Amino acid sequence: MDAHPQPVADPEELSKLEFDVFARACASRETFERVTGRWGPLVLAGLHEGPMRFNELRRHVEGVSDKMLTQTLQTLERDGFVHRRAREGFPSRVDYSLTPLGTRTAAKLLELIEQLEGDMPQVLAARAAYDRTHPHR
């Protein structure tokens with residue numbers, strides 16, 4: 001496993017690295033965790049609808065705190081999924097949008113979201129059946 005989370009400046013060198021999300025020290029695992037964690041998928045899917053300001057996004061992703069949304073946006077920006085654009089003027093304005101990498105990733109997440117929402121009747125039936133045969137302790 002060659003892909004350690006150390007910065008590599010040369011794009012040609014980066015293309016030679018091999019990544020393995022199952023390896024503990026691989027940089028791809030950290031990125032995978034950010035993209036599939038609690039708030040990352042919701043932020044990416046929300047921004048797939050188009051650029052949003054911070055408060056618009058916070059209202060759209062119900063339940064996320066300002067602190068967690070800020071942290072999520074910063075990590076997604078650092079990893080190249082989100083673009084932050086500060087506009088001059090009064091009042092100042094900051095918009096968040098997806099990069100091409102973010103757009104590709106959000107599209108895959110939206111497929112999963114749609115599948116899960118469509119499968120919820122089966123999920124709820126499975127839960128009910130499990131709960132009937134496994135009484136709460």
# chains A, B, ... in the order shown; residues from 1 in each chain; ligands from 1
$ select_by_dssp --residues "chain A" --states "alpha helix (DSSP H)" --output "PDB file with N, CA and C atoms, in the first residue's frame"
ATOM      1  N   PRO A  11       1.655  16.036  -9.614  1.00  0.00           N
ATOM      2  CA  PRO A  11       0.483  15.282 -10.081  1.00  0.00           C
ATOM      3  C   PRO A  11       0.846  13.971 -10.761  1.00  0.00           C
ATOM      4  N   GLU A  12       1.997  13.935 -11.423  1.00  0.00           N
ATOM      5  CA  GLU A  12       2.429  12.698 -12.077  1.00  0.00           C
ATOM      6  C   GLU A  12       2.718  11.617 -11.039  1.00  0.00           C
ATOM      7  N   GLU A  13       3.329  12.022  -9.927  1.00  0.00           N
ATOM      8  CA  GLU A  13       3.607  11.080  -8.847  1.00  0.00           C
ATOM      9  C   GLU A  13       2.302  10.597  -8.206  1.00  0.00           C
ATOM     10  N   LEU A  14       1.338  11.489  -8.056  1.00  0.00           N
ATOM     11  CA  LEU A  14       0.046  11.108  -7.471  1.00  0.00           C
ATOM     12  C   LEU A  14      -0.644  10.029  -8.299  1.00  0.00           C
ATOM     13  N   ALA A  27      -4.895   7.033   2.565  1.00  0.00           N
ATOM     14  CA  ALA A  27      -5.602   8.314   2.495  1.00  0.00           C
ATOM     15  C   ALA A  27      -7.023   8.152   1.967  1.00  0.00           C
ATOM     16  N   SER A  28      -7.262   7.130   1.168  1.00  0.00           N
ATOM     17  CA  SER A  28      -8.615   6.935   0.618  1.00  0.00           C
ATOM     18  C   SER A  28      -9.618   6.590   1.701  1.00  0.00           C
ATOM     19  N   ARG A  29      -9.165   5.951   2.791  1.00  0.00           N
ATOM     20  CA  ARG A  29     -10.096   5.608   3.871  1.00  0.00           C
ATOM     21  C   ARG A  29     -10.610   6.872   4.551  1.00  0.00           C
ATOM     22  N   GLU A  30      -9.733   7.809   4.828  1.00  0.00           N
ATOM     23  CA  GLU A  30     -10.147   9.060   5.457  1.00  0.00           C
ATOM     24  C   GLU A  30     -11.148   9.800   4.570  1.00  0.00           C
ATOM     25  N   THR A  31     -10.869   9.845   3.289  1.00  0.00           N
ATOM     26  CA  THR A  31     -11.780  10.503   2.354  1.00  0.00           C
ATOM     27  C   THR A  31     -13.110   9.767   2.293  1.00  0.00           C
ATOM     28  N   PHE A  32     -13.064   8.452   2.253  1.00  0.00           N
ATOM     29  CA  PHE A  32     -14.293   7.648   2.241  1.00  0.00           C
ATOM     30  C   PHE A  32     -15.140   7.950   3.473  1.00  0.00           C
ATOM     31  N   GLU A  33     -14.496   8.027   4.633  1.00  0.00           N
ATOM     32  CA  GLU A  33     -15.226   8.309   5.867  1.00  0.00           C
ATOM     33  C   GLU A  33     -15.861   9.696   5.838  1.00  0.00           C
ATOM     34  N   ARG A  34     -15.184  10.666   5.260  1.00  0.00           N
ATOM     35  CA  ARG A  34     -15.746  12.018   5.162  1.00  0.00           C
ATOM     36  C   ARG A  34     -16.944  12.062   4.221  1.00  0.00           C
ATOM     37  N   VAL A  35     -16.823  11.358   3.114  1.00  0.00           N
ATOM     38  CA  VAL A  35     -17.883  11.382   2.100  1.00  0.00           C
ATOM     39  C   VAL A  35     -19.092  10.554   2.528  1.00  0.00           C
ATOM     40  N   THR A  36     -18.873   9.530   3.355  1.00  0.00           N
ATOM     41  CA  THR A  36     -19.979   8.656   3.748  1.00  0.00           C
ATOM     42  C   THR A  36     -20.383   8.818   5.209  1.00  0.00           C
ATOM     43  N   GLY A  40     -21.544  14.479   5.527  1.00  0.00           N
ATOM     44  CA  GLY A  40     -20.963  14.625   4.192  1.00  0.00           C
ATOM     45  C   GLY A  40     -21.911  14.285   3.050  1.00  0.00           C
ATOM     46  N   PRO A  41     -22.576  13.121   3.105  1.00  0.00           N
ATOM     47  CA  PRO A  41     -23.477  12.775   2.006  1.00  0.00           C
ATOM     48  C   PRO A  41     -24.642  13.748   1.863  1.00  0.00           C
ATOM     49  N   LEU A  42     -25.153  14.234   2.986  1.00  0.00           N
ATOM     50  CA  LEU A  42     -26.285  15.160   2.929  1.00  0.00           C
ATOM     51  C   LEU A  42     -25.866  16.517   2.370  1.00  0.00           C
ATOM     52  N   VAL A  43     -24.677  16.966   2.732  1.00  0.00           N
ATOM     53  CA  VAL A  43     -24.168  18.226   2.193  1.00  0.00           C
ATOM     54  C   VAL A  43     -23.917  18.093   0.696  1.00  0.00           C
ATOM     55  N   LEU A  44     -23.264  17.023   0.283  1.00  0.00           N
ATOM     56  CA  LEU A  44     -22.992  16.826  -1.140  1.00  0.00           C
ATOM     57  C   LEU A  44     -24.283  16.699  -1.938  1.00  0.00           C
ATOM     58  N   ALA A  45     -25.231  15.916  -1.434  1.00  0.00           N
ATOM     59  CA  ALA A  45     -26.508  15.752  -2.145  1.00  0.00           C
ATOM     60  C   ALA A  45     -27.276  17.067  -2.182  1.00  0.00           C
ATOM     61  N   GLY A  46     -27.232  17.830  -1.096  1.00  0.00           N
ATOM     62  CA  GLY A  46     -27.914  19.128  -1.074  1.00  0.00           C
ATOM     63  C   GLY A  46     -27.318  20.092  -2.076  1.00  0.00           C
ATOM     64  N   LEU A  47     -26.002  20.139  -2.153  1.00  0.00           N
ATOM     65  CA  LEU A  47     -25.349  21.046  -3.093  1.00  0.00           C
ATOM     66  C   LEU A  47     -25.496  20.582  -4.536  1.00  0.00           C
ATOM     67  N   PHE A  54     -24.466  29.390   3.238  1.00  0.00           N
ATOM     68  CA  PHE A  54     -24.353  28.573   4.445  1.00  0.00           C
ATOM     69  C   PHE A  54     -25.717  28.343   5.095  1.00  0.00           C
ATOM     70  N   ASN A  55     -26.470  29.412   5.340  1.00  0.00           N
ATOM     71  CA  ASN A  55     -27.759  29.262   6.032  1.00  0.00           C
ATOM     72  C   ASN A  55     -28.786  28.501   5.198  1.00  0.00           C
ATOM     73  N   GLU A  56     -28.744  28.661   3.891  1.00  0.00           N
ATOM     74  CA  GLU A  56     -29.630  27.879   3.025  1.00  0.00           C
ATOM     75  C   GLU A  56     -29.330  26.387   3.178  1.00  0.00           C
ATOM     76  N   LEU A  57     -28.057  26.074   3.175  1.00  0.00           N
ATOM     77  CA  LEU A  57     -27.634  24.681   3.299  1.00  0.00           C
ATOM     78  C   LEU A  57     -27.983  24.136   4.688  1.00  0.00           C
ATOM     79  N   ARG A  58     -27.799  24.945   5.726  1.00  0.00           N
ATOM     80  CA  ARG A  58     -28.127  24.509   7.090  1.00  0.00           C
ATOM     81  C   ARG A  58     -29.619  24.213   7.217  1.00  0.00           C
ATOM     82  N   ARG A  59     -30.453  25.040   6.606  1.00  0.00           N
ATOM     83  CA  ARG A  59     -31.901  24.790   6.634  1.00  0.00           C
ATOM     84  C   ARG A  59     -32.266  23.548   5.820  1.00  0.00           C
ATOM     85  N   HIS A  60     -31.562  23.341   4.734  1.00  0.00           N
ATOM     86  CA  HIS A  60     -31.841  22.199   3.863  1.00  0.00           C
ATOM     87  C   HIS A  60     -31.467  20.875   4.528  1.00  0.00           C
ATOM     88  N   ASP A  66     -24.366  24.463  13.295  1.00  0.00           N
ATOM     89  CA  ASP A  66     -23.466  25.362  12.574  1.00  0.00           C
ATOM     90  C   ASP A  66     -22.038  24.832  12.604  1.00  0.00           C
ATOM     91  N   LYS A  67     -21.616  24.347  13.779  1.00  0.00           N
ATOM     92  CA  LYS A  67     -20.246  23.843  13.933  1.00  0.00           C
ATOM     93  C   LYS A  67     -19.987  22.652  13.017  1.00  0.00           C
ATOM     94  N   MET A  68     -20.917  21.700  12.996  1.00  0.00           N
ATOM     95  CA  MET A  68     -20.719  20.502  12.171  1.00  0.00           C
ATOM     96  C   MET A  68     -20.791  20.836  10.682  1.00  0.00           C
ATOM     97  N   LEU A  69     -21.678  21.744  10.311  1.00  0.00           N
ATOM     98  CA  LEU A  69     -21.760  22.135   8.909  1.00  0.00           C
ATOM     99  C   LEU A  69     -20.474  22.835   8.485  1.00  0.00           C
ATOM    100  N   THR A  70     -19.959  23.705   9.337  1.00  0.00           N
ATOM    101  CA  THR A  70     -18.696  24.389   9.034  1.00  0.00           C
ATOM    102  C   THR A  70     -17.566  23.385   8.863  1.00  0.00           C
ATOM    103  N   GLN A  71     -17.454  22.444   9.797  1.00  0.00           N
ATOM    104  CA  GLN A  71     -16.399  21.431   9.712  1.00  0.00           C
ATOM    105  C   GLN A  71     -16.556  20.569   8.461  1.00  0.00           C
ATOM    106  N   THR A  72     -17.785  20.176   8.165  1.00  0.00           N
ATOM    107  CA  THR A  72     -18.038  19.336   6.997  1.00  0.00           C
ATOM    108  C   THR A  72     -17.675  20.075   5.714  1.00  0.00           C
ATOM    109  N   LEU A  73     -18.101  21.325   5.603  1.00  0.00           N
ATOM    110  CA  LEU A  73     -17.778  22.105   4.406  1.00  0.00           C
ATOM    111  C   LEU A  73     -16.271  22.296   4.264  1.00  0.00           C
ATOM    112  N   GLN A  74     -15.586  22.540   5.373  1.00  0.00           N
ATOM    113  CA  GLN A  74     -14.134  22.735   5.302  1.00  0.00           C
ATOM    114  C   GLN A  74     -13.426  21.463   4.848  1.00  0.00           C
ATOM    115  N   THR A  75     -13.818  20.318   5.380  1.00  0.00           N
ATOM    116  CA  THR A  75     -13.145  19.077   4.971  1.00  0.00           C
ATOM    117  C   THR A  75     -13.482  18.726   3.530  1.00  0.00           C
ATOM    118  N   LEU A  76     -14.725  18.951   3.121  1.00  0.00           N
ATOM    119  CA  LEU A  76     -15.087  18.659   1.728  1.00  0.00           C
ATOM    120  C   LEU A  76     -14.404  19.625   0.766  1.00  0.00           C
ATOM    121  N   GLU A  77     -14.200  20.859   1.204  1.00  0.00           N
ATOM    122  CA  GLU A  77     -13.459  21.818   0.378  1.00  0.00           C
ATOM    123  C   GLU A  77     -11.991  21.401   0.294  1.00  0.00           C
ATOM    124  N   ARG A  78     -11.415  21.024   1.415  1.00  0.00           N
ATOM    125  CA  ARG A  78     -10.006  20.605   1.440  1.00  0.00           C
ATOM    126  C   ARG A  78      -9.780  19.401   0.539  1.00  0.00           C
ATOM    127  N   PRO A 100     -16.302  19.535 -10.021  1.00  0.00           N
ATOM    128  CA  PRO A 100     -16.601  18.358 -10.852  1.00  0.00           C
ATOM    129  C   PRO A 100     -16.468  17.043 -10.068  1.00  0.00           C
ATOM    130  N   LEU A 101     -15.462  16.949  -9.199  1.00  0.00           N
ATOM    131  CA  LEU A 101     -15.308  15.765  -8.347  1.00  0.00           C
ATOM    132  C   LEU A 101     -16.507  15.620  -7.413  1.00  0.00           C
ATOM    133  N   GLY A 102     -16.941  16.705  -6.823  1.00  0.00           N
ATOM    134  CA  GLY A 102     -18.106  16.687  -5.948  1.00  0.00           C
ATOM    135  C   GLY A 102     -19.380  16.315  -6.679  1.00  0.00           C
ATOM    136  N   THR A 103     -19.515  16.800  -7.907  1.00  0.00           N
ATOM    137  CA  THR A 103     -20.712  16.486  -8.706  1.00  0.00           C
ATOM    138  C   THR A 103     -20.777  14.990  -9.015  1.00  0.00           C
ATOM    139  N   ARG A 104     -19.652  14.392  -9.400  1.00  0.00           N
ATOM    140  CA  ARG A 104     -19.623  12.949  -9.676  1.00  0.00           C
ATOM    141  C   ARG A 104     -19.951  12.140  -8.422  1.00  0.00           C
ATOM    142  N   THR A 105     -19.373  12.548  -7.300  1.00  0.00           N
ATOM    143  CA  THR A 105     -19.596  11.834  -6.046  1.00  0.00           C
ATOM    144  C   THR A 105     -21.038  11.996  -5.583  1.00  0.00           C
ATOM    145  N   ALA A 106     -21.570  13.206  -5.667  1.00  0.00           N
ATOM    146  CA  ALA A 106     -22.957  13.452  -5.257  1.00  0.00           C
ATOM    147  C   ALA A 106     -23.933  12.642  -6.102  1.00  0.00           C
ATOM    148  N   ALA A 107     -23.656  12.489  -7.389  1.00  0.00           N
ATOM    149  CA  ALA A 107     -24.546  11.703  -8.253  1.00  0.00           C
ATOM    150  C   ALA A 107     -24.634  10.260  -7.766  1.00  0.00           C
ATOM    151  N   LYS A 108     -23.508   9.695  -7.367  1.00  0.00           N
ATOM    152  CA  LYS A 108     -23.511   8.316  -6.836  1.00  0.00           C
ATOM    153  C   LYS A 108     -24.260   8.256  -5.509  1.00  0.00           C
ATOM    154  N   LEU A 109     -24.051   9.250  -4.657  1.00  0.00           N
ATOM    155  CA  LEU A 109     -24.756   9.279  -3.372  1.00  0.00           C
ATOM    156  C   LEU A 109     -26.267   9.423  -3.586  1.00  0.00           C
ATOM    157  N   LEU A 110     -26.667  10.215  -4.565  1.00  0.00           N
ATOM    158  CA  LEU A 110     -28.094  10.383  -4.848  1.00  0.00           C
ATOM    159  C   LEU A 110     -28.727   9.084  -5.331  1.00  0.00           C
ATOM    160  N   GLU A 111     -27.972   8.298  -6.094  1.00  0.00           N
ATOM    161  CA  GLU A 111     -28.469   6.975  -6.500  1.00  0.00           C
ATOM    162  C   GLU A 111     -28.742   6.121  -5.266  1.00  0.00           C
ATOM    163  N   LEU A 112     -27.809   6.122  -4.330  1.00  0.00           N
ATOM    164  CA  LEU A 112     -27.974   5.353  -3.096  1.00  0.00           C
ATOM    165  C   LEU A 112     -29.149   5.888  -2.277  1.00  0.00           C
ATOM    166  N   ILE A 113     -29.263   7.205  -2.156  1.00  0.00           N
ATOM    167  CA  ILE A 113     -30.366   7.808  -1.412  1.00  0.00           C
ATOM    168  C   ILE A 113     -31.698   7.399  -2.019  1.00  0.00           C
ATOM    169  N   GLU A 114     -31.817   7.486  -3.325  1.00  0.00           N
ATOM    170  CA  GLU A 114     -33.068   7.114  -4.002  1.00  0.00           C
ATOM    171  C   GLU A 114     -33.389   5.639  -3.791  1.00  0.00           C
ATOM    172  N   GLN A 115     -32.367   4.796  -3.865  1.00  0.00           N
ATOM    173  CA  GLN A 115     -32.595   3.367  -3.638  1.00  0.00           C
ATOM    174  C   GLN A 115     -33.083   3.129  -2.215  1.00  0.00           C
ATOM    175  N   LEU A 116     -32.407   3.733  -1.236  1.00  0.00           N
ATOM    176  CA  LEU A 116     -32.801   3.537   0.159  1.00  0.00           C
ATOM    177  C   LEU A 116     -34.212   4.048   0.422  1.00  0.00           C
ATOM    178  N   GLU A 117     -34.543   5.214  -0.095  1.00  0.00           N
ATOM    179  CA  GLU A 117     -35.899   5.746   0.096  1.00  0.00           C
ATOM    180  C   GLU A 117     -36.933   4.826  -0.534  1.00  0.00           C
ATOM    181  N   GLY A 118     -36.630   4.281  -1.704  1.00  0.00           N
ATOM    182  CA  GLY A 118     -37.548   3.365  -2.371  1.00  0.00           C
ATOM    183  C   GLY A 118     -37.692   2.033  -1.663  1.00  0.00           C
ATOM    184  N   ASP A 119     -36.624   1.613  -0.974  1.00  0.00           N
ATOM    185  CA  ASP A 119     -36.637   0.326  -0.269  1.00  0.00           C
ATOM    186  C   ASP A 119     -37.128   0.427   1.171  1.00  0.00           C
ATOM    187  N   MET A 120     -37.518   1.607   1.619  1.00  0.00           N
ATOM    188  CA  MET A 120     -37.903   1.768   3.024  1.00  0.00           C
ATOM    189  C   MET A 120     -39.070   0.882   3.454  1.00  0.00           C
ATOM    190  N   PRO A 121     -40.076   0.617   2.613  1.00  0.00           N
ATOM    191  CA  PRO A 121     -41.115  -0.322   3.070  1.00  0.00           C
ATOM    192  C   PRO A 121     -40.531  -1.692   3.433  1.00  0.00           C
ATOM    193  N   GLN A 122     -39.578  -2.183   2.633  1.00  0.00           N
ATOM    194  CA  GLN A 122     -38.934  -3.463   2.939  1.00  0.00           C
ATOM    195  C   GLN A 122     -38.083  -3.370   4.207  1.00  0.00           C
ATOM    196  N   VAL A 123     -37.396  -2.271   4.382  1.00  0.00           N
ATOM    197  CA  VAL A 123     -36.572  -2.073   5.573  1.00  0.00           C
ATOM    198  C   VAL A 123     -37.445  -2.068   6.820  1.00  0.00           C
ATOM    199  N   LEU A 124     -38.540  -1.315   6.774  1.00  0.00           N
ATOM    200  CA  LEU A 124     -39.432  -1.232   7.937  1.00  0.00           C
ATOM    201  C   LEU A 124     -40.076  -2.575   8.238  1.00  0.00           C
ATOM    202  N   ALA A 125     -40.427  -3.331   7.198  1.00  0.00           N
ATOM    203  CA  ALA A 125     -40.996  -4.668   7.411  1.00  0.00           C
ATOM    204  C   ALA A 125     -39.954  -5.595   8.030  1.00  0.00           C
ATOM    205  N   ALA A 126     -38.706  -5.500   7.575  1.00  0.00           N
ATOM    206  CA  ALA A 126     -37.631  -6.330   8.131  1.00  0.00           C
ATOM    207  C   ALA A 126     -37.390  -5.975   9.595  1.00  0.00           C
ATOM    208  N   ARG A 127     -37.417  -4.702   9.910  1.00  0.00           N
ATOM    209  CA  ARG A 127     -37.241  -4.282  11.305  1.00  0.00           C
ATOM    210  C   ARG A 127     -38.346  -4.852  12.188  1.00  0.00           C
ATOM    211  N   ALA A 128     -39.586  -4.742  11.712  1.00  0.00           N
ATOM    212  CA  ALA A 128     -40.725  -5.231  12.501  1.00  0.00           C
ATOM    213  C   ALA A 128     -40.607  -6.736  12.725  1.00  0.00           C
ATOM    214  N   ALA A 129     -40.218  -7.474  11.675  1.00  0.00           N
ATOM    215  CA  ALA A 129     -40.064  -8.927  11.810  1.00  0.00           C
ATOM    216  C   ALA A 129     -38.941  -9.256  12.787  1.00  0.00           C
ATOM    217  N   TYR A 130     -37.853  -8.548  12.699  1.00  0.00           N
ATOM    218  CA  TYR A 130     -36.729  -8.769  13.616  1.00  0.00           C
ATOM    219  C   TYR A 130     -37.159  -8.491  15.056  1.00  0.00           C
ATOM    220  N   ASP A 131     -37.831  -7.372  15.258  1.00  0.00           N
ATOM    221  CA  ASP A 131     -38.255  -6.992  16.609  1.00  0.00           C
ATOM    222  C   ASP A 131     -39.231  -7.995  17.204  1.00  0.00           C
ATOM    223  N   ARG A 132     -40.049  -8.615  16.365  1.00  0.00           N
ATOM    224  CA  ARG A 132     -40.993  -9.637  16.862  1.00  0.00           C
ATOM    225  C   ARG A 132     -40.248 -10.879  17.364  1.00  0.00           C
ATOM    226  N   THR A 133     -39.149 -11.231  16.694  1.00  0.00           N
ATOM    227  CA  THR A 133     -38.426 -12.448  17.039  1.00  0.00           C
ATOM    228  C   THR A 133     -37.249 -12.207  17.986  1.00  0.00           C
TER     229      THR A 133
END
$ atom_distance --atom1 "CA of Ser97 (chain A)" --atom2 "CA of Pro51 (chain A)"
4.4 Å
$ atom_distance --atom1 "CA of Glu49 (chain A)" --atom2 "CA of Leu98 (chain A)"
9.5 Å
$ residues_around --residues "Val94 (chain A)" --least-positions-apart "3" --cutoff "7 Å" --atoms "only C-alpha atoms" --output "list in words"
Arg53, Arg84, Arg85, Ala86 and Arg87 of chain A
$ select_by_dssp --residues "chain A" --states "strand (DSSP E or B)" --output "number ranges by chain"
A: 52-53, 82-87, 93-98
$ atom_distance --atom1 "CA of His83 (chain A)" --atom2 "CA of Thr99 (chain A)"
6.0 Å
$ decode --residues "region 53-75 of chain A" --atoms "N, CA and C atoms" --output "short mmCIF file (atom, residue, chain, number, x, y, z; two decimals), in the first residue's frame"
data_model
loop_
_atom_site.label_atom_id
_atom_site.label_comp_id
_atom_site.auth_asym_id
_atom_site.auth_seq_id
_atom_site.Cartn_x
_atom_site.Cartn_y
_atom_site.Cartn_z
N ARG A 53 -25.90 29.26 -0.06
CA ARG A 53 -25.24 29.96 1.03
C ARG A 53 -25.29 29.07 2.26
N PHE A 54 -24.47 29.39 3.24
CA PHE A 54 -24.35 28.57 4.44
C PHE A 54 -25.72 28.34 5.10
N ASN A 55 -26.47 29.41 5.34
CA ASN A 55 -27.76 29.26 6.03
C ASN A 55 -28.79 28.50 5.20
N GLU A 56 -28.74 28.66 3.89
CA GLU A 56 -29.63 27.88 3.02
C GLU A 56 -29.33 26.39 3.18
N LEU A 57 -28.06 26.07 3.17
CA LEU A 57 -27.63 24.68 3.30
C LEU A 57 -27.98 24.14 4.69
N ARG A 58 -27.80 24.95 5.73
CA ARG A 58 -28.13 24.51 7.09
C ARG A 58 -29.62 24.21 7.22
N ARG A 59 -30.45 25.04 6.61
CA ARG A 59 -31.90 24.79 6.63
C ARG A 59 -32.27 23.55 5.82
N HIS A 60 -31.56 23.34 4.73
CA HIS A 60 -31.84 22.20 3.86
C HIS A 60 -31.47 20.87 4.53
N VAL A 61 -30.33 20.86 5.22
CA VAL A 61 -29.85 19.66 5.90
C VAL A 61 -30.32 19.76 7.36
N GLU A 62 -31.54 19.41 7.60
CA GLU A 62 -32.14 19.57 8.92
C GLU A 62 -31.35 18.81 9.98
N GLY A 63 -31.13 19.46 11.12
CA GLY A 63 -30.49 18.82 12.24
C GLY A 63 -29.00 19.06 12.36
N VAL A 64 -28.36 19.58 11.32
CA VAL A 64 -26.92 19.82 11.40
C VAL A 64 -26.67 21.13 12.14
N SER A 65 -25.72 21.11 13.06
CA SER A 65 -25.37 22.32 13.79
C SER A 65 -24.46 23.19 12.93
N ASP A 66 -24.37 24.46 13.29
CA ASP A 66 -23.47 25.36 12.57
C ASP A 66 -22.04 24.83 12.60
N LYS A 67 -21.62 24.35 13.78
CA LYS A 67 -20.25 23.84 13.93
C LYS A 67 -19.99 22.65 13.02
N MET A 68 -20.92 21.70 13.00
CA MET A 68 -20.72 20.50 12.17
C MET A 68 -20.79 20.84 10.68
N LEU A 69 -21.68 21.74 10.31
CA LEU A 69 -21.76 22.13 8.91
C LEU A 69 -20.47 22.84 8.49
N THR A 70 -19.96 23.71 9.34
CA THR A 70 -18.70 24.39 9.03
C THR A 70 -17.57 23.38 8.86
N GLN A 71 -17.45 22.44 9.80
CA GLN A 71 -16.40 21.43 9.71
C GLN A 71 -16.56 20.57 8.46
N THR A 72 -17.79 20.18 8.17
CA THR A 72 -18.04 19.34 7.00
C THR A 72 -17.68 20.08 5.71
N LEU A 73 -18.10 21.32 5.60
CA LEU A 73 -17.78 22.10 4.41
C LEU A 73 -16.27 22.30 4.26
N GLN A 74 -15.59 22.54 5.37
CA GLN A 74 -14.13 22.73 5.30
C GLN A 74 -13.43 21.46 4.85
N THR A 75 -13.82 20.32 5.38
CA THR A 75 -13.14 19.08 4.97
C THR A 75 -13.48 18.73 3.53
#
